Number of protein chains: 2
Amino acid sequence: MQLSQLSDRAGVSLATVKFYLREGLLPPGTPVAATRAEYGEQHLHRLRLVRALVEVGGLSLSAVRRVLRAVDAEDVGVHELLGAAHQALTPTVAAPADGTGVAAARSRVDALIGELGWRVSPDAPARSELAAALVALERLAMPATESDLRTYAAAAHDVARHDVATVPLDGPRARTVEWVVLATVLYEPVLLALRRLAQEHESARRTAPVRRGPRSEKSGGLHRM
Amino acid sequence: MQLSQLSDRAGVSLATVKFYLREGLLPPGTPVAATRAEYGEQHLHRLRLVRALVEVGGLSLSAVRRVLRAVDAEDVGVHELLGAAHQALTPTVAAPADGTGVAAARSRVDALIGELGWRVSPDAPARSELAAALVALERLAMPATESDLRTYAAAAHDVARHDVATVPLDGPRARTVEWVVLATVLYEPVLLALRRLAQEHESARRTAPVRRGPRSEKSGGLHRM
């Protein structure tokens, strides 16, 4: 297909497609004339991948480039790829400006992972991200309790177990690799959006009990527990 | 305290503190001389709040401004505040460029919320965020299954139940309000970091079983299940 068709089918403006080509996020097409190149289904797929990472994952172009490098690396195993994806995806949670509490938070994270029996590389970036979040909470005088961390860890483990169990291992390698990256990135907004929806529900339950009366004016749009 | 002390105690550079003052993110101090103002504990607290929202929450300055407006609004109830916080915090997941599948995804989100019995306002931004994530997955030929959504919703509900149960309702109102905003924002990286750690653990379990032999060279750093 031509560039304009590629743009149409992906729902991405021609200017953006040209920008991705210049930036090397999309491989060049096959030249069929001096000023025309032909693009295939793999271009369409890659273009949708880039858009999903940018729009849904909220990744910067340099982060997208790191992810694509991991997707394209032939010699990386699936478990190693997960690590590479996490490295590439890590949101740059800025380290706290001074060191107060940082070492203690990091020790607490390491202890938690040990107690949970989780096998996680000592240099996994998520350890530092979690420590940074704990430092911020501590400084705002709302430190995370053991109960907070246990509840969050249990919920995170439930979704992670599901994530890893559904990785397709029997298809082409590129598909497996892409799945790992996408499932990591694209299910983050799914989880956060569902948490907010559930918060609203729980808040409504706590502060505004459902009316039980039949034909109550307000009960029509509310769901019973 | 003077501006330089405020900067020291918060671990935020003087230039940044001055920038926040100019931008109105930090209220002015009490003038004590022609070129000097005095700052109190409430300035320190607000400064830490702004830094946490920017550094850990990853919020833009305009999003921080919206959050502070909700924190400072005296007439907003706690449940309404949660909605206001969600509105302010909503990551701008760009709407898909064309409409294919968007209406269907939105119907699916609404149906899911109905089936779960969750009481959520029809215009909650998280509904659209979730729909946008589902559209992106669909377009990449890895649509979220019912099982995916149920697993994620159950985990999200577990943490949300905990979140809402721990909101302090008996302290000063400003504290309650700030807690709701901060717990929504600052526990997002906690949840995502724990999910990544748990993914790595589950991936290690699936692809590299723990060696059972005593004194195995590699088993030292690994935790038994």
# chains A, B, ... in the order shown; residues from 1 in each chain; ligands from 1
>>> interface_residues(of="chain B", to="chain A", cutoff="7 Å", atoms="only C-alpha atoms", output="PDB file with N, CA and C atoms, in the first residue's frame")
ATOM      1  N   GLY B  11      14.329  20.153  50.560  1.00  0.00           N
ATOM      2  CA  GLY B  11      15.207  19.504  49.591  1.00  0.00           C
ATOM      3  C   GLY B  11      14.852  19.894  48.165  1.00  0.00           C
ATOM      4  N   VAL B  12      14.402  21.134  47.991  1.00  0.00           N
ATOM      5  CA  VAL B  12      14.012  21.646  46.671  1.00  0.00           C
ATOM      6  C   VAL B  12      14.874  22.882  46.401  1.00  0.00           C
ATOM      7  N   ARG B  48       6.213  20.240  49.766  1.00  0.00           N
ATOM      8  CA  ARG B  48       6.412  18.784  49.658  1.00  0.00           C
ATOM      9  C   ARG B  48       5.284  18.140  48.864  1.00  0.00           C
ATOM     10  N   LEU B  49       4.083  18.670  49.045  1.00  0.00           N
ATOM     11  CA  LEU B  49       2.932  18.149  48.297  1.00  0.00           C
ATOM     12  C   LEU B  49       3.145  18.354  46.793  1.00  0.00           C
ATOM     13  N   ALA B  52       5.840  16.030  45.466  1.00  0.00           N
ATOM     14  CA  ALA B  52       5.383  14.637  45.383  1.00  0.00           C
ATOM     15  C   ALA B  52       4.493  14.441  44.154  1.00  0.00           C
ATOM     16  N   GLU B  55       7.060  14.742  41.112  1.00  0.00           N
ATOM     17  CA  GLU B  55       8.097  13.719  40.986  1.00  0.00           C
ATOM     18  C   GLU B  55       7.546  12.304  40.999  1.00  0.00           C
ATOM     19  N   VAL B  56       6.670  12.022  41.933  1.00  0.00           N
ATOM     20  CA  VAL B  56       6.167  10.650  42.037  1.00  0.00           C
ATOM     21  C   VAL B  56       4.927  10.463  41.188  1.00  0.00           C
ATOM     22  N   HIS B  79     -16.727  12.695  48.921  1.00  0.00           N
ATOM     23  CA  HIS B  79     -17.023  11.868  47.742  1.00  0.00           C
ATOM     24  C   HIS B  79     -16.890  12.688  46.457  1.00  0.00           C
ATOM     25  N   VAL B  93      -5.119  10.369  28.107  1.00  0.00           N
ATOM     26  CA  VAL B  93      -5.049   9.306  27.101  1.00  0.00           C
ATOM     27  C   VAL B  93      -5.750   9.858  25.869  1.00  0.00           C
ATOM     28  N   ALA B  94      -4.970  10.114  24.815  1.00  0.00           N
ATOM     29  CA  ALA B  94      -5.543  10.711  23.608  1.00  0.00           C
ATOM     30  C   ALA B  94      -6.622   9.789  23.056  1.00  0.00           C
ATOM     31  N   ALA B  97      -7.682   8.140  16.969  1.00  0.00           N
ATOM     32  CA  ALA B  97      -7.843   9.099  15.877  1.00  0.00           C
ATOM     33  C   ALA B  97      -9.117   8.881  15.061  1.00  0.00           C
ATOM     34  N   ASP B  98      -9.533   7.631  14.880  1.00  0.00           N
ATOM     35  CA  ASP B  98     -10.843   7.454  14.249  1.00  0.00           C
ATOM     36  C   ASP B  98     -11.729   6.646  15.182  1.00  0.00           C
ATOM     37  N   GLY B 114     -21.705  -2.279  35.088  1.00  0.00           N
ATOM     38  CA  GLY B 114     -23.049  -2.699  35.474  1.00  0.00           C
ATOM     39  C   GLY B 114     -23.057  -4.099  36.070  1.00  0.00           C
ATOM     40  N   GLY B 117     -21.789  -4.327  39.416  1.00  0.00           N
ATOM     41  CA  GLY B 117     -22.629  -3.640  40.398  1.00  0.00           C
ATOM     42  C   GLY B 117     -21.960  -2.403  40.967  1.00  0.00           C
ATOM     43  N   TRP B 118     -21.015  -1.836  40.212  1.00  0.00           N
ATOM     44  CA  TRP B 118     -20.309  -0.649  40.713  1.00  0.00           C
ATOM     45  C   TRP B 118     -21.121   0.605  40.441  1.00  0.00           C
ATOM     46  N   ARG B 119     -21.212   1.457  41.467  1.00  0.00           N
ATOM     47  CA  ARG B 119     -21.914   2.735  41.313  1.00  0.00           C
ATOM     48  C   ARG B 119     -20.899   3.792  40.912  1.00  0.00           C
ATOM     49  N   VAL B 120     -20.903   4.116  39.623  1.00  0.00           N
ATOM     50  CA  VAL B 120     -19.918   5.053  39.082  1.00  0.00           C
ATOM     51  C   VAL B 120     -20.648   6.049  38.193  1.00  0.00           C
ATOM     52  N   ALA B 126     -12.519   7.893  34.064  1.00  0.00           N
ATOM     53  CA  ALA B 126     -11.892   6.575  34.013  1.00  0.00           C
ATOM     54  C   ALA B 126     -12.623   5.623  33.058  1.00  0.00           C
ATOM     55  N   GLU B 129     -10.989   6.355  29.784  1.00  0.00           N
ATOM     56  CA  GLU B 129      -9.604   5.881  29.798  1.00  0.00           C
ATOM     57  C   GLU B 129      -9.556   4.374  29.584  1.00  0.00           C
ATOM     58  N   LEU B 130     -10.434   3.675  30.283  1.00  0.00           N
ATOM     59  CA  LEU B 130     -10.466   2.218  30.137  1.00  0.00           C
ATOM     60  C   LEU B 130     -10.861   1.846  28.716  1.00  0.00           C
ATOM     61  N   ALA B 133      -7.957   2.248  26.360  1.00  0.00           N
ATOM     62  CA  ALA B 133      -6.985   1.162  26.504  1.00  0.00           C
ATOM     63  C   ALA B 133      -7.492  -0.100  25.799  1.00  0.00           C
ATOM     64  N   ALA B 136      -7.038   0.222  22.024  1.00  0.00           N
ATOM     65  CA  ALA B 136      -5.642   0.035  21.625  1.00  0.00           C
ATOM     66  C   ALA B 136      -5.291  -1.459  21.597  1.00  0.00           C
ATOM     67  N   LEU B 140      -4.342  -3.945  18.216  1.00  0.00           N
ATOM     68  CA  LEU B 140      -3.081  -4.675  18.130  1.00  0.00           C
ATOM     69  C   LEU B 140      -3.330  -6.178  18.140  1.00  0.00           C
ATOM     70  N   THR B 151     -10.250 -10.379  36.173  1.00  0.00           N
ATOM     71  CA  THR B 151      -9.089 -10.507  37.061  1.00  0.00           C
ATOM     72  C   THR B 151      -8.595  -9.128  37.489  1.00  0.00           C
ATOM     73  N   TYR B 152      -8.486  -8.222  36.505  1.00  0.00           N
ATOM     74  CA  TYR B 152      -8.016  -6.871  36.820  1.00  0.00           C
ATOM     75  C   TYR B 152      -9.021  -6.124  37.710  1.00  0.00           C
ATOM     76  N   ALA B 153     -10.303  -6.288  37.410  1.00  0.00           N
ATOM     77  CA  ALA B 153     -11.323  -5.579  38.199  1.00  0.00           C
ATOM     78  C   ALA B 153     -11.312  -6.067  39.647  1.00  0.00           C
ATOM     79  N   ALA B 155      -8.757  -7.304  41.349  1.00  0.00           N
ATOM     80  CA  ALA B 155      -7.559  -6.778  42.020  1.00  0.00           C
ATOM     81  C   ALA B 155      -7.733  -5.286  42.319  1.00  0.00           C
ATOM     82  N   ALA B 156      -8.284  -4.551  41.346  1.00  0.00           N
ATOM     83  CA  ALA B 156      -8.502  -3.112  41.518  1.00  0.00           C
ATOM     84  C   ALA B 156      -9.484  -2.867  42.664  1.00  0.00           C
ATOM     85  N   HIS B 157     -10.507  -3.719  42.746  1.00  0.00           N
ATOM     86  CA  HIS B 157     -11.499  -3.564  43.809  1.00  0.00           C
ATOM     87  C   HIS B 157     -10.860  -3.813  45.182  1.00  0.00           C
ATOM     88  N   ASP B 158      -9.972  -4.800  45.253  1.00  0.00           N
ATOM     89  CA  ASP B 158      -9.291  -5.091  46.525  1.00  0.00           C
ATOM     90  C   ASP B 158      -8.529  -3.868  47.038  1.00  0.00           C
ATOM     91  N   VAL B 159      -7.774  -3.211  46.155  1.00  0.00           N
ATOM     92  CA  VAL B 159      -7.000  -2.059  46.631  1.00  0.00           C
ATOM     93  C   VAL B 159      -7.919  -0.865  46.893  1.00  0.00           C
ATOM     94  N   ALA B 160      -8.948  -0.686  46.077  1.00  0.00           N
ATOM     95  CA  ALA B 160      -9.847   0.458  46.255  1.00  0.00           C
ATOM     96  C   ALA B 160     -10.616   0.355  47.569  1.00  0.00           C
ATOM     97  N   ARG B 161     -11.017  -0.865  47.914  1.00  0.00           N
ATOM     98  CA  ARG B 161     -11.725  -1.085  49.181  1.00  0.00           C
ATOM     99  C   ARG B 161     -10.818  -0.664  50.340  1.00  0.00           C
ATOM    100  N   VAL B 164     -10.343   3.337  50.348  1.00  0.00           N
ATOM    101  CA  VAL B 164     -11.469   4.108  50.879  1.00  0.00           C
ATOM    102  C   VAL B 164     -11.642   3.846  52.375  1.00  0.00           C
ATOM    103  N   LEU B 186      -0.319   8.845  44.597  1.00  0.00           N
ATOM    104  CA  LEU B 186       0.965   8.274  45.021  1.00  0.00           C
ATOM    105  C   LEU B 186       0.942   6.762  45.131  1.00  0.00           C
ATOM    106  N   GLU B 188      -0.504   4.951  42.851  1.00  0.00           N
ATOM    107  CA  GLU B 188      -0.462   4.400  41.483  1.00  0.00           C
ATOM    108  C   GLU B 188       0.918   3.830  41.167  1.00  0.00           C
ATOM    109  N   PRO B 189       2.016   4.602  41.385  1.00  0.00           N
ATOM    110  CA  PRO B 189       3.333   3.985  41.159  1.00  0.00           C
ATOM    111  C   PRO B 189       3.615   2.810  42.088  1.00  0.00           C
ATOM    112  N   VAL B 190       3.049   2.823  43.296  1.00  0.00           N
ATOM    113  CA  VAL B 190       3.230   1.676  44.207  1.00  0.00           C
ATOM    114  C   VAL B 190       2.642   0.423  43.568  1.00  0.00           C
ATOM    115  N   LEU B 191       1.418   0.565  43.065  1.00  0.00           N
ATOM    116  CA  LEU B 191       0.733  -0.583  42.458  1.00  0.00           C
ATOM    117  C   LEU B 191       1.456  -1.071  41.204  1.00  0.00           C
ATOM    118  N   LEU B 192       1.870  -0.117  40.356  1.00  0.00           N
ATOM    119  CA  LEU B 192       2.531  -0.511  39.108  1.00  0.00           C
ATOM    120  C   LEU B 192       3.899  -1.138  39.377  1.00  0.00           C
ATOM    121  N   ALA B 193       4.641  -0.577  40.336  1.00  0.00           N
ATOM    122  CA  ALA B 193       5.966  -1.138  40.655  1.00  0.00           C
ATOM    123  C   ALA B 193       5.802  -2.551  41.213  1.00  0.00           C
ATOM    124  N   LEU B 194       4.809  -2.751  42.086  1.00  0.00           N
ATOM    125  CA  LEU B 194       4.590  -4.090  42.643  1.00  0.00           C
ATOM    126  C   LEU B 194       4.145  -5.066  41.560  1.00  0.00           C
ATOM    127  N   ARG B 195       3.352  -4.601  40.608  1.00  0.00           N
ATOM    128  CA  ARG B 195       2.950  -5.493  39.510  1.00  0.00           C
ATOM    129  C   ARG B 195       4.170  -5.942  38.714  1.00  0.00           C
ATOM    130  N   ARG B 196       5.086  -5.020  38.437  1.00  0.00           N
ATOM    131  CA  ARG B 196       6.280  -5.387  37.671  1.00  0.00           C
ATOM    132  C   ARG B 196       7.159  -6.356  38.458  1.00  0.00           C
ATOM    133  N   LEU B 197       7.293  -6.110  39.760  1.00  0.00           N
ATOM    134  CA  LEU B 197       8.085  -7.022  40.591  1.00  0.00           C
ATOM    135  C   LEU B 197       7.447  -8.411  40.595  1.00  0.00           C
ATOM    136  N   ALA B 198       6.123  -8.447  40.732  1.00  0.00           N
ATOM    137  CA  ALA B 198       5.424  -9.738  40.754  1.00  0.00           C
ATOM    138  C   ALA B 198       5.495 -10.425  39.395  1.00  0.00           C
ATOM    139  N   GLN B 199       5.472  -9.635  38.312  1.00  0.00           N
ATOM    140  CA  GLN B 199       5.617 -10.220  36.970  1.00  0.00           C
ATOM    141  C   GLN B 199       6.975 -10.884  36.836  1.00  0.00           C
ATOM    142  N   GLU B 200       8.004 -10.194  37.315  1.00  0.00           N
ATOM    143  CA  GLU B 200       9.346 -10.765  37.198  1.00  0.00           C
ATOM    144  C   GLU B 200       9.416 -12.078  37.980  1.00  0.00           C
ATOM    145  N   HIS B 201       8.832 -12.063  39.180  1.00  0.00           N
ATOM    146  CA  HIS B 201       8.811 -13.277  40.003  1.00  0.00           C
ATOM    147  C   HIS B 201       8.070 -14.405  39.291  1.00  0.00           C
ATOM    148  N   GLU B 202       6.893 -14.106  38.764  1.00  0.00           N
ATOM    149  CA  GLU B 202       6.100 -15.151  38.107  1.00  0.00           C
ATOM    150  C   GLU B 202       6.789 -15.657  36.843  1.00  0.00           C
ATOM    151  N   SER B 203       7.441 -14.732  36.147  1.00  0.00           N
ATOM    152  CA  SER B 203       8.170 -15.124  34.943  1.00  0.00           C
ATOM    153  C   SER B 203       9.345 -16.026  35.311  1.00  0.00           C
ATOM    154  N   ALA B 204      10.042 -15.699  36.404  1.00  0.00           N
ATOM    155  CA  ALA B 204      11.164 -16.529  36.873  1.00  0.00           C
ATOM    156  C   ALA B 204      10.644 -17.914  37.262  1.00  0.00           C
ATOM    157  N   THR B 207       9.850 -19.818  33.915  1.00  0.00           N
ATOM    158  CA  THR B 207      10.919 -20.155  32.973  1.00  0.00           C
ATOM    159  C   THR B 207      12.167 -20.685  33.646  1.00  0.00           C
ATOM    160  N   LEU B 222      18.136 -16.530  45.628  1.00  0.00           N
ATOM    161  CA  LEU B 222      16.749 -16.751  45.257  1.00  0.00           C
ATOM    162  C   LEU B 222      15.933 -17.173  46.469  1.00  0.00           C
ATOM    163  N   HIS B 223      14.700 -16.735  46.480  1.00  0.00           N
ATOM    164  CA  HIS B 223      13.845 -17.092  47.599  1.00  0.00           C
ATOM    165  C   HIS B 223      12.981 -18.272  47.198  1.00  0.00           C
ATOM    166  N   ARG B 224      12.836 -19.203  48.088  1.00  0.00           N
ATOM    167  CA  ARG B 224      11.948 -20.336  47.849  1.00  0.00           C
ATOM    168  C   ARG B 224      10.497 -19.877  47.855  1.00  0.00           C
ATOM    169  N   MET B 225       9.678 -20.549  47.111  1.00  0.00           N
ATOM    170  CA  MET B 225       8.241 -20.229  47.129  1.00  0.00           C
ATOM    171  C   MET B 225       7.631 -20.705  48.432  1.00  0.00           C
TER     172      MET B 225
END
>>> select_by_dssp(residues="stretch 10-211 of chain B", states="strand (DSSP E or B)", output="MDAnalysis selection string")
chainID B and resid 30:33 36:38
>>> atom_distance(atom1="atom CA of B:Gln5", atom2="atom CA of A:Val102")
21.2 Å
>>> residues_around(residues="A:Arg65", least_positions_apart="5", cutoff="10 Å", atoms="only C-alpha atoms", output="short mmCIF file (atom, residue, chain, number, x, y, z; two decimals) with C-alpha atoms, in the first residue's frame")
data_model
loop_
_atom_site.label_atom_id
_atom_site.label_comp_id
_atom_site.auth_asym_id
_atom_site.auth_seq_id
_atom_site.Cartn_x
_atom_site.Cartn_y
_atom_site.Cartn_z
CA GLU A 23 12.97 9.03 13.32
CA GLY A 24 13.46 5.38 12.38
CA LEU A 25 10.49 4.20 14.48
CA VAL A 50 4.07 2.85 18.16
CA LEU A 59 5.76 6.75 26.47
CA SER A 60 8.20 9.33 25.17
CA ALA A 70 13.97 -4.99 22.79
CA VAL A 71 11.16 -6.22 20.51
CA ALA A 88 12.80 0.53 28.82
#
>>> atom_distance(atom1="atom CA of B:Ala37", atom2="atom CA of B:Leu3")
7.5 Å
>>> atom_distance(atom1="atom CA of A:Val181", atom2="atom CA of A:Val67")
7.4 Å
>>> closest_residue(among="A:Leu61, A:Ala33, A:Tyr39, A:Leu81", to="A:Phe19", atoms="only C-alpha atoms")
A:Leu61
>>> residues_around(residues="A:Pro168", least_positions_apart="4", cutoff="9 Å", atoms="only C-alpha atoms", output="PyMOL selection string")
chain A and resi 175-176+179-180
>>> write_last_selection(atoms="N, CA and C atoms", output="JSON list (two decimals), in the first residue's frame")
[["chain", "number", "residue", "atom", "x", "y", "z"],
["A", 175, "ARG", "N", 5.88, -12.34, 18.08],
["A", 175, "ARG", "CA", 4.56, -12.16, 18.68],
["A", 175, "ARG", "C", 4.64, -12.25, 20.22],
["A", 176, "THR", "N", 5.40, -13.22, 20.69],
["A", 176, "THR", "CA", 5.58, -13.40, 22.14],
["A", 176, "THR", "C", 6.20, -12.15, 22.76],
["A", 179, "TRP", "N", 3.96, -9.20, 22.76],
["A", 179, "TRP", "CA", 2.91, -9.40, 23.75],
["A", 179, "TRP", "C", 3.40, -9.00, 25.14],
["A", 180, "VAL", "N", 4.62, -9.43, 25.48],
["A", 180, "VAL", "CA", 5.17, -9.14, 26.81],
["A", 180, "VAL", "C", 5.25, -7.63, 27.02]]
>>> decode(residues="stretch 114-134 of chain B", atoms="N, CA, C and O atoms", output="mmCIF file, in the first residue's frame")
data_model
loop_
_atom_site.group_PDB
_atom_site.id
_atom_site.type_symbol
_atom_site.label_atom_id
_atom_site.label_comp_id
_atom_site.auth_asym_id
_atom_site.auth_seq_id
_atom_site.Cartn_x
_atom_site.Cartn_y
_atom_site.Cartn_z
ATOM 1 N N GLY B 114 -21.705 -2.279 35.088
ATOM 2 C CA GLY B 114 -23.049 -2.699 35.474
ATOM 3 C C GLY B 114 -23.057 -4.099 36.070
ATOM 4 O O GLY B 114 -23.644 -4.342 37.128
ATOM 5 N N GLU B 115 -22.367 -5.029 35.407
ATOM 6 C CA GLU B 115 -22.321 -6.419 35.891
ATOM 7 C C GLU B 115 -21.643 -6.517 37.257
ATOM 8 O O GLU B 115 -22.013 -7.344 38.085
ATOM 9 N N LEU B 116 -20.617 -5.684 37.453
ATOM 10 C CA LEU B 116 -19.914 -5.712 38.734
ATOM 11 C C LEU B 116 -20.741 -5.054 39.838
ATOM 12 O O LEU B 116 -20.435 -5.184 41.014
ATOM 13 N N GLY B 117 -21.789 -4.327 39.416
ATOM 14 C CA GLY B 117 -22.629 -3.640 40.398
ATOM 15 C C GLY B 117 -21.960 -2.403 40.967
ATOM 16 O O GLY B 117 -22.288 -1.967 42.066
ATOM 17 N N TRP B 118 -21.015 -1.836 40.212
ATOM 18 C CA TRP B 118 -20.309 -0.649 40.713
ATOM 19 C C TRP B 118 -21.121 0.605 40.441
ATOM 20 O O TRP B 118 -21.642 0.792 39.341
ATOM 21 N N ARG B 119 -21.212 1.457 41.467
ATOM 22 C CA ARG B 119 -21.914 2.735 41.313
ATOM 23 C C ARG B 119 -20.899 3.792 40.912
ATOM 24 O O ARG B 119 -20.143 4.294 41.738
ATOM 25 N N VAL B 120 -20.903 4.116 39.623
ATOM 26 C CA VAL B 120 -19.918 5.053 39.082
ATOM 27 C C VAL B 120 -20.648 6.049 38.193
ATOM 28 O O VAL B 120 -21.480 5.650 37.380
ATOM 29 N N SER B 121 -20.327 7.328 38.358
ATOM 30 C CA SER B 121 -20.979 8.368 37.569
ATOM 31 C C SER B 121 -20.779 8.109 36.076
ATOM 32 O O SER B 121 -19.723 7.655 35.657
ATOM 33 N N PRO B 122 -21.833 8.387 35.265
ATOM 34 C CA PRO B 122 -21.735 8.091 33.822
ATOM 35 C C PRO B 122 -20.621 8.880 33.133
ATOM 36 O O PRO B 122 -20.107 8.449 32.108
ATOM 37 N N ASP B 123 -20.243 10.029 33.703
ATOM 38 C CA ASP B 123 -19.201 10.825 33.048
ATOM 39 C C ASP B 123 -17.843 10.709 33.756
ATOM 40 O O ASP B 123 -16.970 11.555 33.564
ATOM 41 N N ALA B 124 -17.642 9.671 34.546
ATOM 42 C CA ALA B 124 -16.339 9.470 35.191
ATOM 43 C C ALA B 124 -15.280 9.304 34.097
ATOM 44 O O ALA B 124 -15.445 8.478 33.201
ATOM 45 N N PRO B 125 -14.210 10.106 34.150
ATOM 46 C CA PRO B 125 -13.210 10.024 33.083
ATOM 47 C C PRO B 125 -12.558 8.645 32.962
ATOM 48 O O PRO B 125 -12.119 8.259 31.885
ATOM 49 N N ALA B 126 -12.519 7.893 34.064
ATOM 50 C CA ALA B 126 -11.892 6.575 34.013
ATOM 51 C C ALA B 126 -12.623 5.623 33.058
ATOM 52 O O ALA B 126 -12.023 4.680 32.537
ATOM 53 N N ARG B 127 -13.931 5.879 32.829
ATOM 54 C CA ARG B 127 -14.642 5.044 31.844
ATOM 55 C C ARG B 127 -14.010 5.198 30.458
ATOM 56 O O ARG B 127 -13.785 4.224 29.748
ATOM 57 N N SER B 128 -13.741 6.445 30.073
ATOM 58 C CA SER B 128 -13.162 6.684 28.744
ATOM 59 C C SER B 128 -11.729 6.194 28.666
ATOM 60 O O SER B 128 -11.284 5.692 27.628
ATOM 61 N N GLU B 129 -10.989 6.355 29.784
ATOM 62 C CA GLU B 129 -9.604 5.881 29.798
ATOM 63 C C GLU B 129 -9.556 4.374 29.584
ATOM 64 O O GLU B 129 -8.731 3.868 28.821
ATOM 65 N N LEU B 130 -10.434 3.675 30.283
ATOM 66 C CA LEU B 130 -10.466 2.218 30.137
ATOM 67 C C LEU B 130 -10.861 1.846 28.716
ATOM 68 O O LEU B 130 -10.246 0.961 28.101
ATOM 69 N N ALA B 131 -11.866 2.550 28.161
ATOM 70 C CA ALA B 131 -12.299 2.250 26.788
ATOM 71 C C ALA B 131 -11.153 2.489 25.801
ATOM 72 O O ALA B 131 -10.925 1.680 24.897
ATOM 73 N N ALA B 132 -10.382 3.575 25.997
ATOM 74 C CA ALA B 132 -9.265 3.868 25.088
ATOM 75 C C ALA B 132 -8.213 2.756 25.158
ATOM 76 O O ALA B 132 -7.655 2.341 24.131
ATOM 77 N N ALA B 133 -7.957 2.248 26.360
ATOM 78 C CA ALA B 133 -6.985 1.162 26.504
ATOM 79 C C ALA B 133 -7.492 -0.100 25.799
ATOM 80 O O ALA B 133 -6.718 -0.800 25.129
ATOM 81 N N LEU B 134 -8.798 -0.361 25.910
ATOM 82 C CA LEU B 134 -9.358 -1.559 25.256
ATOM 83 C C LEU B 134 -9.278 -1.440 23.737
ATOM 84 O O LEU B 134 -8.990 -2.414 23.041
#
